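What follows is the content of query03.pdb, which has PDB, C-alpha atoms and all ligand atoms:
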ATOM      1  CA  MET D 153       6.638  -9.811  14.842  1.00  0.00           C
ATOM      2  CA  SER D 154       9.787  -7.724  14.992  1.00  0.00           C
ATOM      3  CA  LEU D 155       9.713  -4.261  13.485  1.00  0.00           C
ATOM      4  CA  GLN D 156      13.468  -3.811  13.768  1.00  0.00           C
ATOM      5  CA  PRO D 157      14.314  -5.210  10.282  1.00  0.00           C
ATOM      6  CA  ILE D 158      11.977  -2.645   8.714  1.00  0.00           C
ATOM      7  CA  ILE D 159      13.666   0.179  10.601  1.00  0.00           C
ATOM      8  CA  GLU D 160      17.130  -1.038   9.606  1.00  0.00           C
ATOM      9  CA  ASP D 161      16.171  -1.430   5.930  1.00  0.00           C
ATOM     10  CA  LEU D 162      14.584   2.033   5.758  1.00  0.00           C
ATOM     11  CA  ALA D 163      17.664   3.597   7.338  1.00  0.00           C
ATOM     12  CA  ARG D 164      19.924   1.798   4.883  1.00  0.00           C
ATOM     13  CA  CYS D 165      18.080   2.061   1.573  1.00  0.00           C
ATOM     14  CA  GLY D 166      14.631   3.647   2.003  1.00  0.00           C
ATOM     15  CA  TRP D 167      12.557   0.524   1.462  1.00  0.00           C
ATOM     16  CA  SER D 168      11.884  -2.864   3.048  1.00  0.00           C
ATOM     17  CA  LEU D 169      10.204  -6.144   2.101  1.00  0.00           C
ATOM     18  CA  GLN D 170       8.964  -8.427   4.877  1.00  0.00           C
ATOM     19  CA  GLU D 171       7.549 -11.842   4.072  1.00  0.00           C
ATOM     20  CA  ARG D 172       4.726 -13.255   6.181  1.00  0.00           C
ATOM     21  CA  PHE D 173       4.503 -10.011   8.095  1.00  0.00           C
ATOM     22  CA  VAL D 174       1.121 -10.854   9.617  1.00  0.00           C
ATOM     23  CA  GLU D 175      -0.367 -14.180  10.642  1.00  0.00           C
ATOM     24  CA  GLN D 176      -2.042 -16.306   7.948  1.00  0.00           C
ATOM     25  CA  PRO D 177      -5.568 -16.244   9.480  1.00  0.00           C
ATOM     26  CA  LEU D 178      -5.464 -12.452   9.395  1.00  0.00           C
ATOM     27  CA  ILE D 179      -4.357 -12.442   5.740  1.00  0.00           C
ATOM     28  CA  ASP D 180      -7.189 -14.865   4.918  1.00  0.00           C
ATOM     29  CA  ALA D 181      -9.749 -12.729   6.743  1.00  0.00           C
ATOM     30  CA  LEU D 182      -8.569  -9.532   5.018  1.00  0.00           C
ATOM     31  CA  ALA D 183      -8.622 -11.205   1.583  1.00  0.00           C
ATOM     32  CA  GLU D 184     -12.113 -12.525   2.252  1.00  0.00           C
ATOM     33  CA  GLU D 185     -13.329  -9.094   3.342  1.00  0.00           C
ATOM     34  CA  CYS D 186     -11.821  -7.435   0.258  1.00  0.00           C
ATOM     35  CA  ARG D 187     -13.472  -9.991  -2.058  1.00  0.00           C
ATOM     36  CA  GLN D 188     -16.788  -9.680  -0.277  1.00  0.00           C
ATOM     37  CA  ARG D 189     -16.819  -5.891  -0.444  1.00  0.00           C
ATOM     38  CA  GLU D 190     -15.836  -6.048  -4.112  1.00  0.00           C
ATOM     39  CA  SER D 191     -18.692  -8.445  -4.894  1.00  0.00           C
ATOM     40  CA  LEU D 192     -21.121  -6.194  -2.994  1.00  0.00           C
ATOM     41  CA  GLY D 193     -20.045  -3.296  -5.198  1.00  0.00           C
ATOM     42  CA  GLU D 194     -18.508  -1.377  -2.298  1.00  0.00           C
ATOM     43  CA  LEU D 195     -15.208  -0.648  -4.045  1.00  0.00           C
ATOM     44  CA  GLU D 196     -14.973   2.368  -6.294  1.00  0.00           C
ATOM     45  CA  PRO D 197     -12.659   3.347  -9.155  1.00  0.00           C
ATOM     46  CA  ALA D 198      -9.577   4.913  -7.657  1.00  0.00           C
ATOM     47  CA  GLY D 199      -8.753   8.508  -8.453  1.00  0.00           C
ATOM     48  CA  VAL D 200      -5.538  10.240  -9.386  1.00  0.00           C
ATOM     49  CA  GLY D 201      -4.566  13.446  -7.619  1.00  0.00           C
ATOM     50  CA  ARG D 202      -6.296  15.036  -4.692  1.00  0.00           C
ATOM     51  CA  ALA D 203      -9.426  16.960  -3.730  1.00  0.00           C
ATOM     52  CA  ALA D 204     -10.577  19.237  -6.552  1.00  0.00           C
ATOM     53  CA  GLY D 205      -7.930  17.768  -8.855  1.00  0.00           C
ATOM     54  CA  LEU D 206      -9.094  14.190  -8.218  1.00  0.00           C
ATOM     55  CA  ALA D 207      -9.911  12.421 -11.439  1.00  0.00           C
ATOM     56  CA  VAL D 208     -10.533   8.813 -12.416  1.00  0.00           C
ATOM     57  CA  ARG D 209      -8.157   8.021 -15.245  1.00  0.00           C
ATOM     58  CA  GLU D 210      -8.225   4.467 -16.441  1.00  0.00           C
ATOM     59  CA  GLY D 211      -5.100   5.032 -18.518  1.00  0.00           C
ATOM     60  CA  VAL D 212      -3.152   5.657 -15.308  1.00  0.00           C
ATOM     61  CA  ARG D 213      -4.616   3.208 -12.811  1.00  0.00           C
ATOM     62  CA  GLY D 214      -7.317   0.576 -13.081  1.00  0.00           C
ATOM     63  CA  ASP D 215      -7.869  -0.508  -9.488  1.00  0.00           C
ATOM     64  CA  ARG D 216     -10.958  -0.127  -7.338  1.00  0.00           C
ATOM     65  CA  ILE D 217     -10.555   0.882  -3.715  1.00  0.00           C
ATOM     66  CA  ARG D 218     -12.314   1.225  -0.396  1.00  0.00           C
ATOM     67  CA  TRP D 219     -10.911   3.167   2.554  1.00  0.00           C
ATOM     68  CA  ILE D 220     -10.971   1.258   5.833  1.00  0.00           C
ATOM     69  CA  GLU D 221     -12.286   2.653   9.079  1.00  0.00           C
ATOM     70  CA  VAL D 222     -11.786   1.764  12.727  1.00  0.00           C
ATOM     71  CA  GLY D 223     -14.477  -0.671  13.870  1.00  0.00           C
ATOM     72  CA  GLN D 224     -15.537  -1.925  10.436  1.00  0.00           C
ATOM     73  CA  SER D 225     -14.303  -5.477  11.090  1.00  0.00           C
ATOM     74  CA  PRO D 226     -12.124  -7.388  13.574  1.00  0.00           C
ATOM     75  CA  ALA D 227      -9.594  -8.140  10.793  1.00  0.00           C
ATOM     76  CA  CYS D 228      -9.170  -4.490   9.810  1.00  0.00           C
ATOM     77  CA  ASP D 229      -8.916  -3.474  13.469  1.00  0.00           C
ATOM     78  CA  ARG D 230      -6.203  -6.065  14.020  1.00  0.00           C
ATOM     79  CA  TYR D 231      -4.262  -4.830  11.001  1.00  0.00           C
ATOM     80  CA  LEU D 232      -4.616  -1.236  12.228  1.00  0.00           C
ATOM     81  CA  THR D 233      -3.162  -2.356  15.575  1.00  0.00           C
ATOM     82  CA  HIS D 234      -0.086  -3.699  13.744  1.00  0.00           C
ATOM     83  CA  MET D 235       0.209  -0.428  11.844  1.00  0.00           C
ATOM     84  CA  GLU D 236      -0.076   1.590  15.041  1.00  0.00           C
ATOM     85  CA  ALA D 237       2.894  -0.339  16.462  1.00  0.00           C
ATOM     86  CA  LEU D 238       4.835   0.382  13.265  1.00  0.00           C
ATOM     87  CA  ARG D 239       3.889   4.081  13.385  1.00  0.00           C
ATOM     88  CA  GLN D 240       5.253   4.377  16.916  1.00  0.00           C
ATOM     89  CA  GLU D 241       8.451   2.546  16.001  1.00  0.00           C
ATOM     90  CA  LEU D 242       9.017   4.758  12.937  1.00  0.00           C
ATOM     91  CA  ASN D 243       8.580   7.853  15.075  1.00  0.00           C
ATOM     92  CA  ARG D 244      10.933   6.514  17.738  1.00  0.00           C
ATOM     93  CA  ALA D 245      13.616   5.587  15.214  1.00  0.00           C
ATOM     94  CA  PHE D 246      13.459   8.528  12.811  1.00  0.00           C
ATOM     95  CA  PHE D 247      11.605  11.331  14.669  1.00  0.00           C
ATOM     96  CA  LEU D 248       9.216  11.521  11.738  1.00  0.00           C
ATOM     97  CA  GLY D 249       6.266  12.946  13.662  1.00  0.00           C
ATOM     98  CA  LEU D 250       3.842  10.597  11.919  1.00  0.00           C
ATOM     99  CA  GLU D 251       0.386  11.305  13.286  1.00  0.00           C
ATOM    100  CA  GLU D 252      -2.044   9.455  11.081  1.00  0.00           C
ATOM    101  CA  PHE D 253      -2.484   6.261   9.103  1.00  0.00           C
ATOM    102  CA  GLU D 254      -4.847   6.046   6.145  1.00  0.00           C
ATOM    103  CA  CYS D 255      -5.410   2.785   4.336  1.00  0.00           C
ATOM    104  CA  HIS D 256      -7.577   1.268   1.612  1.00  0.00           C
ATOM    105  CA  PHE D 257      -8.342  -2.105   0.133  1.00  0.00           C
ATOM    106  CA  ALA D 258      -7.345  -2.235  -3.518  1.00  0.00           C
ATOM    107  CA  PHE D 259      -8.676  -4.650  -6.098  1.00  0.00           C
ATOM    108  CA  TYR D 260      -7.028  -4.869  -9.512  1.00  0.00           C
ATOM    109  CA  PRO D 261      -9.110  -6.924 -11.969  1.00  0.00           C
ATOM    110  CA  PRO D 262      -7.287  -8.741 -14.797  1.00  0.00           C
ATOM    111  CA  GLY D 263      -5.669  -6.214 -17.135  1.00  0.00           C
ATOM    112  CA  ALA D 264      -5.426  -3.472 -14.484  1.00  0.00           C
ATOM    113  CA  PHE D 265      -2.189  -1.641 -13.722  1.00  0.00           C
ATOM    114  CA  TYR D 266      -0.962   1.580 -12.141  1.00  0.00           C
ATOM    115  CA  LYS D 267       1.588   3.632 -14.085  1.00  0.00           C
ATOM    116  CA  THR D 268       4.794   4.888 -12.481  1.00  0.00           C
ATOM    117  CA  HIS D 269       4.152   7.516  -9.804  1.00  0.00           C
ATOM    118  CA  LEU D 270       5.244   8.895  -6.452  1.00  0.00           C
ATOM    119  CA  ASP D 271       2.861   8.628  -3.502  1.00  0.00           C
ATOM    120  CA  CYS D 272       2.922  12.256  -2.580  1.00  0.00           C
ATOM    121  CA  PHE D 273       0.992  15.036  -4.190  1.00  0.00           C
ATOM    122  CA  ARG D 274       2.555  18.150  -5.601  1.00  0.00           C
ATOM    123  CA  ASP D 275       0.445  20.350  -3.352  1.00  0.00           C
ATOM    124  CA  ASP D 276       0.569  18.173  -0.226  1.00  0.00           C
ATOM    125  CA  ASP D 277       3.596  16.342   1.135  1.00  0.00           C
ATOM    126  CA  SER D 278       1.879  14.801   4.155  1.00  0.00           C
ATOM    127  CA  ARG D 279       2.333  11.201   2.992  1.00  0.00           C
ATOM    128  CA  ILE D 280       5.697  10.141   4.357  1.00  0.00           C
ATOM    129  CA  VAL D 281       5.810   6.342   4.449  1.00  0.00           C
ATOM    130  CA  THR D 282       3.914   3.930   2.166  1.00  0.00           C
ATOM    131  CA  VAL D 283       3.029   0.428   3.316  1.00  0.00           C
ATOM    132  CA  VAL D 284       1.408  -2.259   1.167  1.00  0.00           C
ATOM    133  CA  LEU D 285       0.236  -5.685   2.362  1.00  0.00           C
ATOM    134  CA  TYR D 286      -0.566  -8.230  -0.346  1.00  0.00           C
ATOM    135  CA  LEU D 287      -3.370 -10.759   0.020  1.00  0.00           C
ATOM    136  CA  ASN D 288      -2.951 -13.190  -2.901  1.00  0.00           C
ATOM    137  CA  THR D 289      -2.199 -16.852  -2.263  1.00  0.00           C
ATOM    138  CA  GLU D 290      -0.098 -18.869  -4.702  1.00  0.00           C
ATOM    139  CA  TRP D 291       0.940 -16.020  -6.968  1.00  0.00           C
ATOM    140  CA  GLN D 292       2.890 -17.263 -10.043  1.00  0.00           C
ATOM    141  CA  SER D 293       5.236 -15.143 -12.145  1.00  0.00           C
ATOM    142  CA  ALA D 294       2.905 -15.644 -15.154  1.00  0.00           C
ATOM    143  CA  ASP D 295       0.198 -13.841 -13.136  1.00  0.00           C
ATOM    144  CA  GLY D 296       2.100 -10.542 -13.584  1.00  0.00           C
ATOM    145  CA  GLY D 297       0.953  -7.765 -11.255  1.00  0.00           C
ATOM    146  CA  CYS D 298       4.321  -7.151  -9.612  1.00  0.00           C
ATOM    147  CA  MET D 299       5.023  -3.834  -7.960  1.00  0.00           C
ATOM    148  CA  ARG D 300       8.099  -2.422  -9.683  1.00  0.00           C
ATOM    149  CA  MET D 301      10.212  -0.027  -7.658  1.00  0.00           C
ATOM    150  CA  HIS D 302      12.516   2.341  -9.540  1.00  0.00           C
ATOM    151  CA  LEU D 303      15.257   2.753  -6.969  1.00  0.00           C
ATOM    152  CA  ARG D 304      17.821   5.509  -7.224  1.00  0.00           C
ATOM    153  CA  GLN D 305      20.600   2.968  -7.045  1.00  0.00           C
ATOM    154  CA  GLY D 306      20.666  -0.242  -9.026  1.00  0.00           C
ATOM    155  CA  PRO D 307      18.141  -1.868 -11.323  1.00  0.00           C
ATOM    156  CA  ALA D 308      14.378  -1.730 -10.878  1.00  0.00           C
ATOM    157  CA  LEU D 309      13.094  -4.231  -8.371  1.00  0.00           C
ATOM    158  CA  ASP D 310       9.915  -6.293  -8.691  1.00  0.00           C
ATOM    159  CA  VAL D 311       7.885  -7.468  -5.697  1.00  0.00           C
ATOM    160  CA  ALA D 312       5.266 -10.171  -6.222  1.00  0.00           C
ATOM    161  CA  PRO D 313       1.901  -9.428  -4.591  1.00  0.00           C
ATOM    162  CA  LEU D 314       2.094 -12.684  -2.701  1.00  0.00           C
ATOM    163  CA  ALA D 315       0.004 -13.113   0.448  1.00  0.00           C
ATOM    164  CA  GLY D 316       1.848 -11.848   3.515  1.00  0.00           C
ATOM    165  CA  ASN D 317       4.420  -9.753   1.659  1.00  0.00           C
ATOM    166  CA  LEU D 318       4.610  -6.310   3.213  1.00  0.00           C
ATOM    167  CA  VAL D 319       6.463  -3.531   1.401  1.00  0.00           C
ATOM    168  CA  VAL D 320       7.374  -0.333   3.199  1.00  0.00           C
ATOM    169  CA  PHE D 321       9.068   2.644   1.538  1.00  0.00           C
ATOM    170  CA  LEU D 322       9.589   6.381   1.791  1.00  0.00           C
ATOM    171  CA  SER D 323       6.710   7.870  -0.201  1.00  0.00           C
ATOM    172  CA  ALA D 324       8.648  10.752  -1.727  1.00  0.00           C
ATOM    173  CA  GLU D 325      11.743   8.731  -2.625  1.00  0.00           C
ATOM    174  CA  VAL D 326      10.637   5.678  -4.561  1.00  0.00           C
ATOM    175  CA  PRO D 327       8.844   5.960  -7.920  1.00  0.00           C
ATOM    176  CA  HIS D 328       6.891   2.744  -8.421  1.00  0.00           C
ATOM    177  CA  GLU D 329       4.260   1.125 -10.611  1.00  0.00           C
ATOM    178  CA  VAL D 330       1.960  -1.882 -10.678  1.00  0.00           C
ATOM    179  CA  LEU D 331       2.556  -4.016 -13.764  1.00  0.00           C
ATOM    180  CA  PRO D 332      -0.545  -5.340 -15.555  1.00  0.00           C
ATOM    181  CA  THR D 333      -2.079  -8.214 -13.649  1.00  0.00           C
ATOM    182  CA  GLN D 334      -3.511 -11.352 -15.235  1.00  0.00           C
ATOM    183  CA  ARG D 335      -5.525 -12.331 -12.151  1.00  0.00           C
ATOM    184  CA  ASP D 336      -7.561 -10.559  -9.498  1.00  0.00           C
ATOM    185  CA  ARG D 337      -4.968  -8.811  -7.341  1.00  0.00           C
ATOM    186  CA  LEU D 338      -5.889  -7.855  -3.775  1.00  0.00           C
ATOM    187  CA  SER D 339      -3.996  -5.642  -1.359  1.00  0.00           C
ATOM    188  CA  LEU D 340      -4.179  -3.135   1.452  1.00  0.00           C
ATOM    189  CA  THR D 341      -2.316   0.081   0.725  1.00  0.00           C
ATOM    190  CA  GLY D 342      -1.675   2.630   3.432  1.00  0.00           C
ATOM    191  CA  TRP D 343       0.226   5.767   4.242  1.00  0.00           C
ATOM    192  CA  PHE D 344       1.646   7.159   7.446  1.00  0.00           C
ATOM    193  CA  ARG D 345       1.151  10.883   7.358  1.00  0.00           C
ATOM    194  CA  ARG D 346       2.138  14.032   9.059  1.00  0.00           C
ATOM    195  CA  ARG D 347      -0.827  16.275   9.572  1.00  0.00           C
ATOM    196  CA  ALA D 348      -1.378  17.975   6.225  1.00  0.00           C
ATOM    197  CA  ALA D 349      -0.085  21.519   6.071  1.00  0.00           C
ATOM    198  CA  ARG D 350      -2.955  23.915   5.635  1.00  0.00           C
ATOM    199  CA  LEU D 351      -2.974  25.282   2.116  1.00  0.00           C
ATOM    200  CA  LEU D 352      -3.468  29.013   1.878  1.00  0.00           C
TER     201      LEU D 352
HETATM  202  O1  LIG D 401      -0.426  -2.283  -4.954  1.00  0.00           O
HETATM  203  C1  LIG D 401       0.735  -1.912  -5.083  1.00  0.00           C
HETATM  204  O2  LIG D 401       1.662  -2.712  -5.239  1.00  0.00           O
HETATM  205  C2  LIG D 401       1.068  -0.453  -5.075  1.00  0.00           C
HETATM  206  C3  LIG D 401      -0.141   0.440  -5.125  1.00  0.00           C
HETATM  207  C4  LIG D 401       0.220   1.880  -5.259  1.00  0.00           C
HETATM  208  O3  LIG D 401       1.268   2.214  -5.729  1.00  0.00           O
HETATM  209  C5  LIG D 401      -0.698   2.929  -4.776  1.00  0.00           C
HETATM  210  O4  LIG D 401      -1.865   2.636  -4.477  1.00  0.00           O
HETATM  211  O5  LIG D 401      -0.250   4.088  -4.672  1.00  0.00           O
HETATM  212 FE    FE D 402       1.756   4.156  -5.112  1.00  0.00          FE
END
Whole structure given in structure tokens:
Amino acid sequence: MSLQPIIEDLARCGWSLQERFVEQPLIDALAEECRQRESLGELEPAGVGRAAGLAVREGVRGDRIRWIEVGQSPACDRYLTHMEALRQELNRAFFLGLEEFECHFAFYPPGAFYKTHLDCFRDDDSRIVTVVLYLNTEWQSADGGCMRMHLRQGPALDVAPLAGNLVVFLSAEVPHEVLPTQRDRLSLTGWFRRRAARLL
């Protein structure tokens, strides 16, 4: 897979959509793992905010998440290898000094959404680049659940959470939301980070 189109898109407009970014067997394995962990009750209601300010607010977002860790499964390790290659390429191209990647499975049950937000916290700007991989086969427009990006230029842009679609954008630049989904909606959402500045 070539990372160059992502670099060129980010340089030009701050976001990129790649279709079939990873191989189908890997998408299938990640979707299966997400479903399995959901059915085992391993996903938890996602919070809003950070640390002491973290709160579960169903009026803002209705997904359940589980952070992934190195070594938890061959599929996750393979995806992390892809992300490591992207991290290095982003640093080479833009001198971003990205040091870490954090990533979670997200499961939106029917009716769930995530209101418009930016992926960086007021008290912590360590999230620099957002990357979302979608895991849903045969997504129809009636299924809803698009990610809507509110770009500075031009109209809002909707991305279907179709298996293999990978969206990459600058975390501080692109307000975005998840429109209400009609079906289970599975994804992996991650952030490349600079080391967090220590708060005094
Ligand atoms: O799943 C998506 O399309 C985006 C999720 C999102 O915005 C987030 O988790 O911050
Ligand atoms: Fe987000």
Top pick for closest residue to Arg172 (chain D), considering D:Phe273, D:Asp295, D:Arg300, D:Ser154 and counting only C-alpha atoms =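 For Arg172 (chain D), the nearest of the candidates is D:Ser154.
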Have a look at CA of Trp291 (chain D) and CA of Val174 (chain D) and let me know their distance in Å, one decimal.
-> 17.4 Å
Surroundings of ligand FE 402 (chain D) up to 7 Å, based on all atoms listed in the file, as a ChimeraX atom specification = /D:269-271,328-329
Cut-off 7 Å, all atoms listed in the file, neighbours of ligand LIG 401 (chain D) as a PyMOL selection string | chain D and resi 266+271+284+298-299+313+328-330+339+341
Selection under test: the PyMOL selection byres (((chain D and resi 160-169) around 8) and not hetatm); residues as a ChimeraX atom specification | /D:156-159,170-171,317-322,325-326
Calculate, to one decimal in Å, the centre and edge lengths of the box along x, y and z of the file that holds all listed atoms of region 217-234 of chain D with 3 Å of margin on each side, and present them as AutoDock Vina command-line options.
--center_x -7.8 --center_y -2.5 --center_z 5.9 --size_x 21.5 --size_y 17.3 --size_z 25.3
Return the single residue from D:Met301, D:Ala198, D:Leu242, D:Leu192 that is closest to His256 (chain D), with distances computed using only C-alpha atoms.
->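 Checking each of D:Met301, D:Ala198, D:Leu242, D:Leu192 against His256 (chain D), counting only C-alpha atoms, the winner is D:Ala198.
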Can you pull out every residue within 12 Å of Ala227 (chain D), counting all atoms listed in the file, but drop anything in the same chain fewer than 4 positions away, and send it as a ChimeraX atom specification?
-> /D:174-186,220-223,231-234,340
Find the distance between CA of Leu309 (chain D) and CA of Glu241 (chain D) and write it in Å to one decimal.
->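 Atom-to-atom, CA of Leu309 (chain D) and CA of Glu241 (chain D) are spaced 25.7 Å apart.
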Point-to-point distance in Å for CA of Thr282 (chain D) and CA of Pro197 (chain D) =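 So the two atoms, CA of Pro197 (chain D) and CA of Thr282 (chain D), lie 20.1 Å apart.
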Taking the file as shown, what set of residues would the PyMOL selection byres (((chain D and resi 288) around 6) and not hetatm) give back, as a compact mmCIF listing (two decimals) with C-alpha atoms, keeping the file's coordinate frame?
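Heads up, here's the output in out-v9.txt:
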# COMPACT_ATOMS: atom_id res chain seq x y z
CA LEU D 287 -3.37 -10.76 0.02
CA THR D 289 -2.20 -16.85 -2.26
CA LEU D 314 2.09 -12.68 -2.70
CA ALA D 315 0.00 -13.11 0.45
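When only C-alpha atoms are used to compute distances to Phe265 (chain D), the closest of the residues D:Val311, D:Leu303, D:Ile280, D:Leu331 turns out to be D:Leu331.
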Nearest candidate to Pro261 (chain D) (options D:Arg239, D:Gly296, D:Ala312, D:Ser225; using all atoms listed in the file) |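 The shortest atom-to-atom distance to Pro261 (chain D) comes from D:Gly296.
Shortest atom-to-atom contact with Ala258 (chain D) among D:Arg213, D:Arg230, D:Arg304, D:Arg279: D:Arg213, counting all atoms listed in the file.
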Of the candidates D:Phe253, D:Leu248, D:Tyr286, D:Met235, which one gets nearest to Trp219 (chain D) if we count all atoms listed in the file?
->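 Residue with the minimum atom-to-atom distance to Trp219 (chain D): D:Phe253.
Selection check: the PyMOL selection byres (((chain D and resi 216) around 7) and not hetatm) on the shown file gives Leu195, Glu196, Pro197, Ala198, Gly214, Asp215, Ile217, Ala258, Phe259 and Tyr260 of chain D.
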